[in-house]
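Structure file input.txt (compact mmCIF, C-alpha atoms) follows.
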# COMPACT_ATOMS: atom_id res chain seq x y z
CA MET A 70 0.00 0.00 0.00
CA LYS A 71 2.85 2.37 0.88
CA LYS A 72 4.51 1.57 -2.44
CA THR A 73 1.29 2.27 -4.34
CA PHE A 74 0.88 5.57 -2.48
CA SER A 75 4.48 6.55 -3.21
CA LEU A 76 4.09 5.75 -6.92
CA ALA A 77 0.88 7.75 -7.05
CA MET A 78 2.60 10.73 -5.42
CA VAL A 79 5.50 10.54 -7.88
CA ALA A 80 3.07 10.43 -10.80
CA LEU A 81 1.16 13.41 -9.39
CA LEU A 82 4.31 15.46 -8.93
CA MET A 83 5.59 14.64 -12.41
CA SER A 84 2.29 15.59 -14.04
CA ALA A 85 2.19 18.83 -12.05
CA CYS A 86 5.67 19.99 -13.07
CA THR A 87 5.82 22.76 -15.66
CA GLN A 88 7.73 25.93 -16.50
CA SER A 89 6.82 29.58 -16.08
CA PRO A 90 7.19 32.06 -19.00
CA THR A 91 10.71 32.86 -17.74
CA GLY A 92 11.73 29.18 -17.74
CA ARG A 93 11.48 28.71 -13.97
CA GLU A 94 10.37 25.24 -12.80
CA GLN A 95 6.89 25.20 -11.26
CA LEU A 96 4.58 22.80 -9.48
CA LEU A 97 0.88 23.29 -10.29
CA PHE A 98 -1.76 20.96 -8.82
CA ASN A 99 -4.86 22.80 -10.06
CA ASN A 100 -6.25 23.07 -13.59
CA GLU A 101 -6.62 26.51 -15.12
CA SER A 102 -10.38 26.29 -15.59
CA THR A 103 -10.73 25.87 -11.83
CA MET A 104 -8.43 28.83 -11.24
CA ALA A 105 -10.45 30.94 -13.70
CA GLN A 106 -13.67 30.08 -11.87
CA MET A 107 -12.09 31.02 -8.56
CA GLY A 108 -10.79 34.29 -10.01
CA THR A 109 -14.17 35.20 -11.46
CA GLN A 110 -15.97 34.40 -8.22
CA SER A 111 -13.51 36.48 -6.18
CA PHE A 112 -13.83 39.38 -8.61
CA ASP A 113 -17.63 39.30 -8.51
CA GLU A 114 -17.60 39.29 -4.72
CA LEU A 115 -15.20 42.23 -4.64
CA LYS A 116 -17.42 44.25 -6.99
CA LYS A 117 -20.27 43.81 -4.50
CA LYS A 118 -18.16 44.91 -1.54
CA GLU A 119 -16.10 47.77 -2.99
CA LYS A 120 -17.30 51.08 -4.42
CA ILE A 121 -16.81 51.22 -8.18
CA ASP A 122 -15.52 54.43 -9.77
CA SER A 123 -18.11 55.61 -12.29
CA ASP A 124 -16.14 58.55 -13.74
CA PRO A 125 -16.15 58.02 -17.54
CA LYS A 126 -12.77 59.69 -18.15
CA THR A 127 -11.03 57.66 -15.45
CA ASN A 128 -12.50 54.42 -16.77
CA GLN A 129 -11.64 55.28 -20.38
CA TYR A 130 -8.05 56.03 -19.37
CA VAL A 131 -7.55 52.81 -17.42
CA GLN A 132 -9.31 50.78 -20.13
CA CYS A 133 -6.99 52.30 -22.75
CA VAL A 134 -3.84 51.27 -20.88
CA ALA A 135 -5.15 47.83 -19.90
CA GLY A 136 -6.40 47.17 -23.43
CA ALA A 137 -2.98 47.93 -24.90
CA ILE A 138 -1.37 45.44 -22.50
CA THR A 139 -3.88 42.64 -23.09
CA ARG A 140 -3.60 42.99 -26.88
CA VAL A 141 0.02 41.78 -26.80
CA LEU A 142 -0.66 38.71 -24.65
CA PRO A 143 -0.24 35.18 -26.00
CA ALA A 144 -3.22 34.12 -28.15
CA GLU A 145 -4.79 31.93 -25.46
CA GLN A 146 -4.82 34.85 -23.02
CA GLN A 147 -6.26 37.42 -25.40
CA GLY A 148 -9.94 38.24 -25.57
CA ASP A 149 -12.28 40.26 -23.42
CA TRP A 150 -10.62 41.17 -20.15
CA GLU A 151 -12.95 42.77 -17.61
CA VAL A 152 -11.38 45.94 -16.20
CA VAL A 153 -12.89 47.67 -13.17
CA VAL A 154 -11.72 50.84 -11.43
CA PHE A 155 -12.47 50.84 -7.69
CA ASP A 156 -13.07 54.17 -5.98
CA SER A 157 -10.54 53.92 -3.17
CA LYS A 158 -7.50 55.75 -1.82
CA GLU A 159 -5.65 52.43 -1.76
CA VAL A 160 -2.55 52.40 -3.97
CA ASN A 161 -3.07 49.02 -5.55
CA ALA A 162 -4.10 46.96 -8.56
CA PHE A 163 -4.48 43.27 -9.30
CA ALA A 164 -5.24 40.77 -12.04
CA LEU A 165 -6.94 37.41 -11.57
CA PRO A 166 -7.29 34.20 -13.56
CA GLY A 167 -10.46 34.45 -15.58
CA LYS A 168 -9.26 37.63 -17.32
CA LYS A 169 -10.05 40.14 -14.58
CA ILE A 170 -8.19 43.38 -13.82
CA GLY A 171 -8.88 45.69 -10.91
CA VAL A 172 -7.32 49.14 -10.42
CA TYR A 173 -7.80 51.28 -7.31
CA SER A 174 -8.15 54.97 -8.10
CA GLY A 175 -5.55 55.82 -5.43
CA LEU A 176 -2.92 54.20 -7.65
CA LEU A 177 -3.40 56.92 -10.26
CA LYS A 178 -1.84 59.47 -7.91
CA VAL A 179 1.38 57.44 -7.76
CA ALA A 180 1.40 55.99 -11.30
CA GLN A 181 1.44 59.46 -12.80
CA THR A 182 1.68 58.67 -16.52
CA PRO A 183 0.14 56.05 -18.85
CA ASP A 184 3.53 54.33 -19.06
CA GLN A 185 3.73 54.06 -15.28
CA LEU A 186 0.20 52.67 -15.06
CA ALA A 187 1.15 50.20 -17.81
CA ALA A 188 4.05 49.03 -15.64
CA VAL A 189 1.63 48.17 -12.82
CA ILE A 190 -0.98 46.52 -15.03
CA GLY A 191 1.71 44.62 -16.93
CA HIS A 192 3.12 43.38 -13.62
CA GLU A 193 -0.30 42.23 -12.38
CA VAL A 194 -1.12 40.47 -15.66
CA GLY A 195 2.34 38.89 -15.41
CA HIS A 196 1.17 37.10 -12.26
CA VAL A 197 -1.67 35.56 -14.28
CA LEU A 198 0.56 34.55 -17.21
CA ALA A 199 2.96 32.83 -14.81
CA HIS A 200 0.14 31.02 -12.98
CA HIS A 201 1.28 32.41 -9.64
CA SER A 202 -2.14 32.00 -8.00
CA ASN A 203 -2.11 28.32 -8.92
CA GLU A 204 1.43 27.97 -7.68
CA ARG A 205 0.66 29.64 -4.35
CA LEU A 206 -2.42 27.50 -3.88
CA THR A 207 -0.31 24.41 -4.61
CA GLN A 208 2.23 25.55 -2.00
CA ASN A 209 -0.55 25.95 0.55
CA GLN A 210 -1.92 22.52 -0.31
CA ILE A 211 1.52 20.96 0.19
CA TYR A 212 2.06 22.87 3.44
CA SER A 213 -1.34 21.79 4.77
CA GLY A 214 -0.58 18.17 3.94
CA VAL A 215 2.84 18.28 5.62
CA SER A 216 1.34 19.93 8.71
CA VAL A 217 -1.27 17.18 9.04
CA LEU A 218 1.36 14.46 8.65
CA ALA A 219 3.62 16.15 11.21
CA ALA A 220 0.77 16.48 13.70
CA VAL A 221 -0.09 12.79 13.29
CA ALA A 222 3.56 11.73 13.62
CA LEU A 223 4.08 13.82 16.75
CA GLY A 224 0.82 12.58 18.21
CA LEU A 225 2.04 9.00 17.89
CA SER A 226 5.46 9.77 19.37
CA ASN A 227 6.75 10.37 22.89
CA VAL A 228 8.30 13.76 22.06
CA ASP A 229 7.86 16.46 24.72
CA ASN A 230 6.77 20.02 23.85
CA LYS A 231 4.86 18.89 20.76
CA GLY A 232 3.18 22.27 20.48
CA LEU A 233 6.56 23.97 20.34
CA TYR A 234 7.64 21.71 17.48
CA MET A 235 4.46 22.44 15.54
CA ALA A 236 4.91 26.17 16.09
CA ALA A 237 8.51 25.93 14.85
CA LEU A 238 7.32 24.05 11.78
CA GLY A 239 4.83 26.84 11.05
CA VAL A 240 7.38 29.64 11.44
CA GLY A 241 9.97 27.76 9.42
CA ALA A 242 7.57 27.16 6.56
CA THR A 243 6.37 30.77 6.54
CA VAL A 244 9.76 32.48 6.64
CA GLY A 245 11.70 29.85 4.74
CA VAL A 246 9.28 28.93 1.98
CA LEU A 247 6.06 30.88 1.63
CA LEU A 248 7.35 34.45 1.90
CA PRO A 249 10.50 34.04 -0.21
CA TYR A 250 8.36 32.25 -2.76
CA SER A 251 6.10 35.29 -2.93
CA ARG A 252 9.09 37.56 -3.43
CA LYS A 253 10.18 35.31 -6.29
CA HIS A 254 6.74 35.73 -7.83
CA GLU A 255 6.90 39.50 -7.51
CA SER A 256 10.30 39.66 -9.20
CA GLU A 257 9.16 37.35 -11.99
CA ALA A 258 5.99 39.41 -12.53
CA ASP A 259 8.17 42.53 -12.77
CA GLN A 260 10.23 40.87 -15.49
CA ILE A 261 7.18 39.67 -17.45
CA GLY A 262 5.37 42.98 -16.99
CA LEU A 263 8.33 44.97 -18.27
CA GLU A 264 8.34 42.93 -21.48
CA LEU A 265 4.56 43.28 -21.88
CA MET A 266 4.59 47.06 -21.50
CA ALA A 267 7.47 47.39 -23.97
CA LYS A 268 5.68 45.22 -26.55
CA ALA A 269 2.54 47.31 -26.04
CA GLY A 270 4.49 50.48 -26.85
CA PHE A 271 4.96 51.90 -23.35
CA ASP A 272 8.38 53.18 -22.27
CA PRO A 273 9.91 50.56 -19.92
CA ASN A 274 12.12 53.21 -18.32
CA GLN A 275 8.97 54.52 -16.66
CA ALA A 276 8.73 51.32 -14.59
CA VAL A 277 11.85 52.47 -12.76
CA VAL A 278 10.37 55.94 -12.26
CA LEU A 279 7.18 54.33 -10.94
CA TRP A 280 9.05 52.49 -8.22
CA HIS A 281 10.87 55.63 -7.19
CA ASN A 282 7.39 57.13 -6.77
CA MET A 283 6.32 54.05 -4.81
CA GLU A 284 9.37 54.30 -2.58
CA GLN A 285 8.57 57.92 -1.75
CA ASN A 286 4.99 57.00 -0.88
CA ALA A 287 5.75 53.74 0.94
CA GLY A 288 6.58 55.11 4.38
CA LYS A 289 7.94 52.44 6.70
CA THR A 290 8.28 49.01 5.09
CA PRO A 291 9.11 45.69 6.79
CA PRO A 292 12.56 44.10 6.31
CA GLU A 293 12.77 42.40 2.93
CA LEU A 294 13.38 39.03 4.65
CA LEU A 295 9.91 39.20 6.23
CA SER A 296 8.10 40.81 3.32
CA THR A 297 6.19 39.26 0.46
CA HIS A 298 7.61 41.95 -1.84
CA PRO A 299 11.19 42.86 -2.71
CA SER A 300 12.35 46.11 -1.14
CA PRO A 301 11.87 49.17 -3.38
CA ALA A 302 15.65 49.52 -3.73
CA SER A 303 16.02 45.89 -4.85
CA ARG A 304 13.13 46.27 -7.25
CA ILE A 305 14.49 49.46 -8.79
CA GLN A 306 17.89 47.89 -9.34
CA ALA A 307 16.44 44.72 -10.89
CA LEU A 308 14.18 46.71 -13.21
CA SER A 309 17.03 49.00 -14.23
CA ASP A 310 19.05 45.91 -15.20
CA GLU A 311 16.16 44.52 -17.26
CA VAL A 312 15.23 47.70 -19.17
CA PRO A 313 17.99 47.41 -21.85
CA LYS A 314 16.83 43.84 -22.60
CA VAL A 315 13.27 44.91 -23.44
CA MET A 316 13.99 48.24 -25.18
CA PRO A 317 14.09 46.54 -28.63
CA TYR A 318 10.44 45.50 -28.10
CA TYR A 319 9.54 49.11 -27.33
CA GLN A 320 11.42 50.42 -30.35
CA LYS A 321 9.74 47.89 -32.66
CA ALA A 322 6.23 48.37 -31.24
CA ALA A 323 3.72 49.09 -34.01
CA ILE A 324 1.72 51.42 -31.79
CA HIS A 325 2.66 53.76 -28.95
CA PRO A 326 -0.70 54.19 -27.19
CA GLN A 327 -1.95 57.72 -26.64
CA CYS A 328 -4.02 57.13 -23.52
CA LYS A 329 -5.28 60.43 -22.17
CA ARG A 330 -4.79 60.61 -18.43
CA ALA A 331 -7.90 61.59 -16.48
CA THR A 332 -7.51 64.76 -14.45
CA ASN A 333 -9.41 65.51 -11.25

Produce structure tokens that represent the structure in this file.
Amino acid sequence: MKKTFSLAMVALLMSACTQSPTGREQLLFNNESTMAQMGTQSFDELKKKEKIDSDPKTNQYVQCVAGAITRVLPAEQQGDWEVVVFDSKEVNAFALPGKKIGVYSGLLKVAQTPDQLAAVIGHEVGHVLAHHSNERLTQNQIYSGVSVLAAVALGLSNVDNKGLYMAALGVGATVGVLLPYSRKHESEADQIGLELMAKAGFDPNQAVVLWHNMEQNAGKTPPELLSTHPSPASRIQALSDEVPKVMPYYQKAAIHPQCKRATN
């Protein structure tokens, strides 16, 4: 029985192995149709909870930038992306499986040009292209399974301070695996997003300017070791190194979008 279980696990792991758009090895347990359903459901719930910005000029502006990005996606990811602007001071944006993009109006005060907004939207769409939601869910599924097995093993043993061991396992997994993994996702999404914005005809140099703006507006940030995001300084340096690699895409772009920024 153990042998059968082990063979089944090996087969599962082999079938779940794939590569991200940057060539990084990934483990994905969940099919993309399931992820799209989850993304759509989450997006619909958010639209019910959050106030939606109804200003036509703001929506036209964000739609213009997002549309330029989604037009250069791989064929299977093209199509009708739903783009919603949320009326909030939060400086944030996101993209979800199921072709959903959300932009908080507070972001437009930090992303001050169409190119800078394209850097954010390209980054968020990059998470979707690289299946990061699936990968994170897979990590959580693995972590949950290991935690259950550890609890059972400790329960059957004579080890003292079992609670302390379980707590250590939780901290070790969080700091050693889950958070660094998220930072890896953020860096990869930066790389993918930079290429997307350049192909769409937005100046990739503005991604660096954007993060200088972010750094000025960030206030106090946690140490990079305990953060799910790279530090602004690390991000700026990595983007600066990547810009020359994607400039040929920008120079060859058939269209340089003229998205008119909404003014309040």

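CA of Ala144 (chain A) to CA of Ala307 (chain A) spans 28.2 Å [interatomic distance, one decimal].
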
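Remark: for Tyr130 (chain A), the closest of the candidate residues A:Val154, A:Val179, A:Ala269, A:Val197 is A:Val154 (distances computed over only C-alpha atoms).
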
Exercise: region 182-187 of chain A partners within 7 Å, only C-alpha atoms, chain neighbours under 5 positions left out, as a ChimeraX atom specification: /A:134,266,271-272,275-276,279,328,330

Please return, as an MDAnalysis selection string, all polymer residues that have at least one atom within 10 Å of the point (14.2, 38.5, -17.0); use all atoms listed in the file and the file's own coordinate frame. chainID A and resid 90:92 256:264 307:308 310:312 314:315

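Comparing the minimum interatomic distances between Glu94 (chain A) and each of A:Lys126, A:His196, A:Lys178, A:Lys253, counting all atoms listed in the file, we find that A:Lys253 sits nearest.
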
Å distance separating CA of Ala322 (chain A) from CA of Leu198 (chain A), one decimal place: 20.5 Å

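Relative to CA of Leu265 (chain A), CA of Cys133 (chain A) is found at 14.7 Å.
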
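Using all atoms listed in the file, the nearest neighbour of Asp122 (chain A) within the list A:Ser157, A:Gln106, A:Ser300, A:Asn274 is A:Ser157.
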
Nearest to Asp113 (chain A), restricted to all atoms listed in the file and choosing among A:Glu151, A:Glu145, A:Glu193, A:Glu159, comes out as A:Glu151

Contact residues around Ala323 (chain A) with all atoms listed in the file at 12 Å, ignoring same-chain residues under 6 positions, as a short mmCIF file (atom, residue, chain, number, x, y, z; two decimals) with C-alpha atoms, keeping the file's coordinate frame:
data_model
loop_
_atom_site.label_atom_id
_atom_site.label_comp_id
_atom_site.auth_asym_id
_atom_site.auth_seq_id
_atom_site.Cartn_x
_atom_site.Cartn_y
_atom_site.Cartn_z
CA ALA A 137 -2.98 47.93 -24.90
CA ARG A 140 -3.60 42.99 -26.88
CA VAL A 141 0.02 41.78 -26.80
CA ALA A 267 7.47 47.39 -23.97
CA LYS A 268 5.68 45.22 -26.55
CA ALA A 269 2.54 47.31 -26.04
CA GLY A 270 4.49 50.48 -26.85
CA PHE A 271 4.96 51.90 -23.35
CA PRO A 317 14.09 46.54 -28.63
#

Nearest residue to Ala287 (chain A) from the set A:Met316, A:Asn161, A:Pro166, A:Ile324 (distances using only C-alpha atoms): A:Asn161

Report the centre and edge lengths, in Å to one decimal, of an axis-aligned box enclosing every atom of region 119-126 of chain A listed in the file, padded by 5 Å on each side, as lines of an AutoDock Vina configuration file.
center_x = -15.4
center_y = 53.7
center_z = -10.6
size_x = 15.3
size_y = 21.9
size_z = 25.2
